[in-house]
Every structure is written in structure tokens, then in C-alpha cells.
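Asker: Below is the structure I would like to discuss, written out as C-alpha cells.
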Protein chains: 2
Amino acid sequence: MTLALDPTAQDLLFREAHTANTFTGEPVSEEQIQAVYDLIKLAPTAFNQSPLRITLLRSREARERLLPLMSRGNRDKTGSAPLTAILSVDLDFHEKLPRLLPARPTLKDDMYGEAELRERHGSFNATLQAGYFLLGVRAAGLAAGPMSGFDAQGVDKEFFGDGRQKALLVVNIGRPGPDAFLPRKPRLEYAEAVSVL
Amino acid sequence: MTLALDPTAQDLLFREAHTANTFTGEPVSEEQIQAVYDLIKLAPTAFNQSPLRITLLRSREARERLLPLMSRGNRDKTGSAPLTAILSVDLDFHEKLPRLLPARPTLKDDMYGEAELRERHGSFNATLQAGYFLLGVRAAGLAAGPMSGFDAQGVDKEFFGDGRQKALLVVNIGRPGPDAFLPRKPRLEYAEAVSVL
């Protein structure tokens with residue numbers, strides 16, 4: 001075997017997993033999301049900065065605030081998913097750096113005193129973590145439906161009014177419902193994506 | 001069990017995996033990287049745009065071109081890793097969209113005719129894929145050493161002179177060597193990273 005990961009896990013995370021477009025009504029528990037977080041929090045970010053924030057929309061009221069901000073094609077599925085998460089970057093992640101990286105107590109100010117660099121590095125590392133999160137949802141035996149089609153400025157204004165967070169991705173989470181999956185689309189061949197020097 | 005992923009796979013990908021800072025001399029084969037790619041290519045990107053490109057530096061000559069562009073603290077480990085990959089975004093990913101998303105043949109021009117939006121969406125989705133790649137390296141039983149500390153403009157100029165790609169992350173890949181790992185640093189508590197509305 002070329003991969004150390006066993007085939008069942010390969011199937012769960014990658015081969016048999018698909019972006020879900022419909023969901024059953026089965027709820028997603030807080031314990032499940034905590035287990036996902038406790039797994040994916042361990043994967044790497046630069047300087048251990050851990051800038052990803054996850055906003056779970058559990059109440060009907062919170063969901064109703066999001067729906068008009070989703071693009072038209074994403075509204076129905078978002079309205080019917082048992083749980084929807086807004087993944088965002090904490091633009092003030094540096095405030096927690098002295099605790100997250102005790103060996104570099106001055107990094108918070110030396111490197112990240114400046115907002116533009118903070119936003120650029122934070123967004124990059126939170127996006128890496130968003131990738132971990134999508135696989136983490138699958139690790140919980142759940143389907144993820146990640147969506148970039150939403151009014152990002154509107155979501156920031158509605159949910160992150162203090163300007164400290166910026167939305168990156170909205171993710172529906174649940175058990176796949178009827179006709180949940182589109183057929184797998186083609187992927188690039190190895191030689192198209194990978195070059196060797 | 002709250003997670004469907006078995007504990008051995010949890011350990012391999014997350015709990016027992018660490019960013020490696022030293023490596024043994026054991027080579028990483030092309031077959032291993034192909035297996036990683038064939039796994040992670042399946043994970044989702046918006047519109048299946050698949051903008052990540054992976055440049056494997058196998059020759060001594062290619063490695064020598066990279067080393068002076070790495071930050072001082074990343075040079076020795078990069079010089080000693082059996083394989084180093086530059087992860088980049090293909091800024092012209094839209095040219096392949098008609099094949100990757102046959103149902104939307106006009107998306108290439110309608111949405112992505114404009115370079116700024118293309119770079120923004122492409123960089124975001126390639127970064128999600130970078131997250132998948134790091135876990136994919138671990139799925140191969142290898143250790144990854146991701147590094148943001150490099151001269152990104154210098155790497156772009158040296159390796160992507162035609163301006164079509166932008167470097168996102170440099171990753172050392174191999175078997176961990178002596179004293180490869182630093183102690184695990186603290187992570188944010190669930191309630192610090194996750195909020196419920």
C-alpha cells in the first residue's frame with residue numbers, strides 16, 4: 001500500500017465523500033462539532049496562530065438572518081440543513097499569540113502590530129483550517145456543503161458587526177438526504193497539477 | 001464513538017502528527033506523491049476549480065535555487081529534507097474550467113474574465129487544497145513541514161517567471177529525523193473558537 005491511511009478512512013474522507021446539497025432532518029449535536037474541533041485544532045498553522053473562528057447557526061432566528069445573504073442557488077439547501085456554520089478569520093488573532101506561542105512573546109506586536117499583514121496571514125491560515133474543518137466534518141461521518149456564494153460584506157455586517165471577523169466560507173452540515181450528490185466532476189491529471197524540477 | 005474516523009486514522013492525520021523540523025535521508029517516491037494527489041484532488045473547491053499546483057523540487061539544482069529565498073530559520077531543514085514542494089495557485093485556472101465544470105461552459109469568461117476576482121477566488125481555493133495536501137502527506141505516512149517564511153515574490157520570480165502562478169506555501173516532506181518535533185503548543189478552547197447563535 002502506498003498510503004498509510006487505511007482504505008475505509010480514505011473512503012470516508014475523500015473517495016466516497018461528496019459535497020451534499022440536501023440533508024435529512026437528523027440533528028447535528030454540539031458533541032459532534034466539539035469532536036470535530038478537537039481533531040482539527042491540532043493541524044498546523046503558522047506560528048500556531050489558529051485564526052479560524054466557527055459560528056454555528058442553531059436557532060431559527062440566526063438562520064433567518066443568514067438566508068437573504070446567501071446567493072439564490074444556495075438558499076434552499078441552507079434553509080434545510082440541520083446545521084450551518086460560518087467560518088471566519090479572527091482579525092485580532094494576534095491577541096492570543098502570547099498564549100499560543102509562548103516562546104515568542106513579542107511576535108504579537110513585532111510582526112502583527114500592523115493590520116494589513118495580520119489580515120493577510122490570518123486569512124491564509126484560517127483558510128488552511130477551513131480545509132481541515134471540511135475533512136473534520138467528514139471524519140464525524142457527516143456531509144459538508146461548503147459555499148462561497150454569499151454576500152460576504154453583508155454577512156460580516158450582520159454577524160461580525162464589531163469588524164473583528166471576516167467570513168470566509170459558509171458550510172452546511174448534516175446527513176445527506178435524497179439526491180444529495182451530483183455526479184463526481186473530473187479532476188486534473190497528476191501531470192497537470194504537479195511538476196517536477 | 002462521536003467520530004466515524006477510526007482512532008488509528010485520527011492519530012495518523014491529527015493527534016500523533018506534528019510538523020517535522022528534521023528528516024531522515026529516506027527518499028520520497030513519485031508514487032507516494034501521486035497517491036497523495038489522487039486522494040486530495042477529490043476534496044472540494046468552488047466550481048471544482050482545482051487551482052492548486054504543486055512543484056516538486058527533486059534535483060539538487062532546483063533546491064539550490066530555493067534555499068536563498070527561504071527565511072534564515074527555514075534554510076537548514078529545507079536543505080536536508082528529502083523532498084520540498086512549492087504549493088502555488090494557478091492564476092489561469094479558469095482556462096481549465098470548461099473541462100472541470102462542463103455544466104457551466106461560460107463561467108470561465110462570465111465570472112473569471114477579470115484577473116482580480118480570479119486571483120482572489122483561486123488563492124482561496126488553492127489554500128483550502130493546501131490544507132488537504134498537508135493532511136494527504138500525513139495520509140501517506142510521511143511528515144510535512146509547512147513554511148510561510150520565504151520571499152514569496154522572489155520564489156514567484158525564480159520559479160514562476162511567466163507570472164501565471166503565485167507561491168502560497170513551501171512544504172518539506174519526508175520521514176521525521178532525530179528531534180524532529182517540538183512539544184505540542186496549546187490550542188484554543190472550544191468556546192474560544194466556536195460560538196453558537
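Letters for chains follow the order of the C-alpha cells (A, B, ...), residue numbers begin at 1 for each chain, and ligand numbers begin at 1 in the order shown.
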Would you mind listing what lies within 8 Å of region 12-25 of chain A as a PyMOL selection string, with only C-alpha atoms counted and same-chain residues fewer than 5 positions away left out?

Answerer: (chain A and resi 77+80-82+135+138-139+141+143-146+174-181+184) or (chain B and resi 5+39-40+42-44)

Asker: Just asking: which residues within region 46-151 of chain A are strand (DSSP E or B) according to DSSP, as number ranges by chain?

Answerer: A: 52-57, 70, 83-90, 143-147, 150

Asker: Could you dump the residues just selected with C-alpha atoms as a PDB file, in the first residue's frame?

Answerer:
```pdb
ATOM      1  CA  LEU A  52     -10.229  30.234  12.363  1.00  0.00           C
ATOM      2  CA  ARG A  53     -13.498  31.007  14.119  1.00  0.00           C
ATOM      3  CA  ILE A  54     -16.642  28.926  13.685  1.00  0.00           C
ATOM      4  CA  THR A  55     -20.091  30.439  14.149  1.00  0.00           C
ATOM      5  CA  LEU A  56     -22.786  27.767  14.419  1.00  0.00           C
ATOM      6  CA  LEU A  57     -26.254  28.897  13.413  1.00  0.00           C
ATOM      7  CA  MET A  70     -26.847  33.595   0.530  1.00  0.00           C
ATOM      8  CA  LEU A  83     -26.764  22.989  10.956  1.00  0.00           C
ATOM      9  CA  THR A  84     -24.967  25.787   9.153  1.00  0.00           C
ATOM     10  CA  ALA A  85     -21.570  27.160  10.140  1.00  0.00           C
ATOM     11  CA  ILE A  86     -19.985  30.450   9.163  1.00  0.00           C
ATOM     12  CA  LEU A  87     -16.211  30.021   9.017  1.00  0.00           C
ATOM     13  CA  SER A  88     -14.370  33.279   9.576  1.00  0.00           C
ATOM     14  CA  VAL A  89     -10.951  34.689  10.369  1.00  0.00           C
ATOM     15  CA  ASP A  90     -10.354  36.471  13.658  1.00  0.00           C
ATOM     16  CA  ALA A 143     -21.536  15.533   4.983  1.00  0.00           C
ATOM     17  CA  ALA A 144     -20.313  19.073   4.427  1.00  0.00           C
ATOM     18  CA  GLY A 145     -21.711  21.503   1.892  1.00  0.00           C
ATOM     19  CA  PRO A 146     -19.209  24.355   1.594  1.00  0.00           C
ATOM     20  CA  MET A 147     -20.434  27.508  -0.162  1.00  0.00           C
ATOM     21  CA  PHE A 150     -22.896  34.601  -0.332  1.00  0.00           C
TER      22      PHE A 150
END
```

Asker: Out of region 17-197 of chain B, which residues get helix (DSSP H, G or I) from DSSP, as a PyMOL selection string?

Answerer: chain B and resi 30-40+46-48+60-69+72-80+93-100+107-110+115-139+152-159+190-193

Asker: Hey, what's within 7 Å of Leu69 (chain B) if we count only C-alpha atoms and toss same-chain stuff fewer than 4 positions away? As a PyMOL selection string, please?

Answerer: chain B and resi 150-151+154-155

Asker: Take the residues just selected and output them with N, CA, C and O atoms as a PDB file, in the first residue's frame.

Answerer:
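To be explicit, this is the file written out as part.pdb:
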```
ATOM      1  N   PHE B 150       9.269  32.633   3.639  1.00  0.00           N
ATOM      2  CA  PHE B 150      10.116  32.675   2.443  1.00  0.00           C
ATOM      3  C   PHE B 150       9.780  33.957   1.685  1.00  0.00           C
ATOM      4  O   PHE B 150       8.730  34.575   1.928  1.00  0.00           O
ATOM      5  N   ASP B 151      10.653  34.311   0.781  1.00  0.00           N
ATOM      6  CA  ASP B 151      10.471  35.504  -0.042  1.00  0.00           C
ATOM      7  C   ASP B 151       9.531  35.148  -1.190  1.00  0.00           C
ATOM      8  O   ASP B 151       9.954  34.616  -2.216  1.00  0.00           O
ATOM      9  N   GLY B 154      10.226  36.630  -4.541  1.00  0.00           N
ATOM     10  CA  GLY B 154      11.432  36.017  -5.086  1.00  0.00           C
ATOM     11  C   GLY B 154      11.173  34.623  -5.639  1.00  0.00           C
ATOM     12  O   GLY B 154      11.672  34.258  -6.705  1.00  0.00           O
ATOM     13  N   VAL B 155      10.369  33.837  -4.911  1.00  0.00           N
ATOM     14  CA  VAL B 155      10.038  32.482  -5.383  1.00  0.00           C
ATOM     15  C   VAL B 155       9.224  32.561  -6.665  1.00  0.00           C
ATOM     16  O   VAL B 155       9.459  31.813  -7.628  1.00  0.00           O
TER      17      VAL B 155
END
```

Asker: Using only C-alpha atoms, pick whichever of B:Gly79, B:Pro7, B:Pro68, B:Gly113 has the shortest atom-to-atom distance to chain A.

Answerer: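 For chain A, the nearest of the given residues is B:Pro7.
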
Asker: Ranking B:Val28, B:Ala115, B:Leu168, B:Ala62 by minimum distance to Asp92 (chain B) and counting only C-alpha atoms, which one comes first?

Answerer: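 Of B:Val28, B:Ala115, B:Leu168, B:Ala62, the one nearest Asp92 (chain B), counting only C-alpha atoms, is B:Ala115.
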
Asker: What is the distance, in Å and to one decimal place, between CA of Val171 (chain B) and CA of Gly131 (chain B)?

Answerer: 11.3 Å

Asker: Please, what distance in Å, to one decimal, runs between CA of Leu66 (chain B) and CA of Asp156 (chain B)?

Answerer: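 According to the coordinates, CA of Leu66 (chain B) and CA of Asp156 (chain B) are separated by 10.5 Å.
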
Asker: Between B:Leu3, B:Phe133, B:Ala126, B:Glu30, which is the closest to chain A once you count only C-alpha atoms?

Answerer: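 Among the listed residues, the smallest separation from chain A belongs to B:Leu3.
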
Asker: Under the rule that only C-alpha atoms are counted, which of B:Gly161, B:Gly136, B:Pro27, B:Pro105 is the nearest residue to chain A?

Answerer: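 Checking each of B:Gly161, B:Gly136, B:Pro27, B:Pro105 against chain A, counting only C-alpha atoms, the winner is B:Gly136.
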
Asker: Select, from A:Asp38, A:Asn48, A:Val137, A:Glu192, the residue with the minimum atom-to-atom distance to Arg104 (chain A), counting only C-alpha atoms.

Answerer: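 Closest to Arg104 (chain A), using only C-alpha atoms: A:Asn48.
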
Asker: Might you pull out every residue within 12 Å of Pro102 (chain A), with only C-alpha atoms counted and same-chain residues fewer than 3 positions away left off, and present them as a PyMOL selection string?

Answerer: (chain A and resi 47-49+96-99+105-108) or (chain B and resi 183-187)
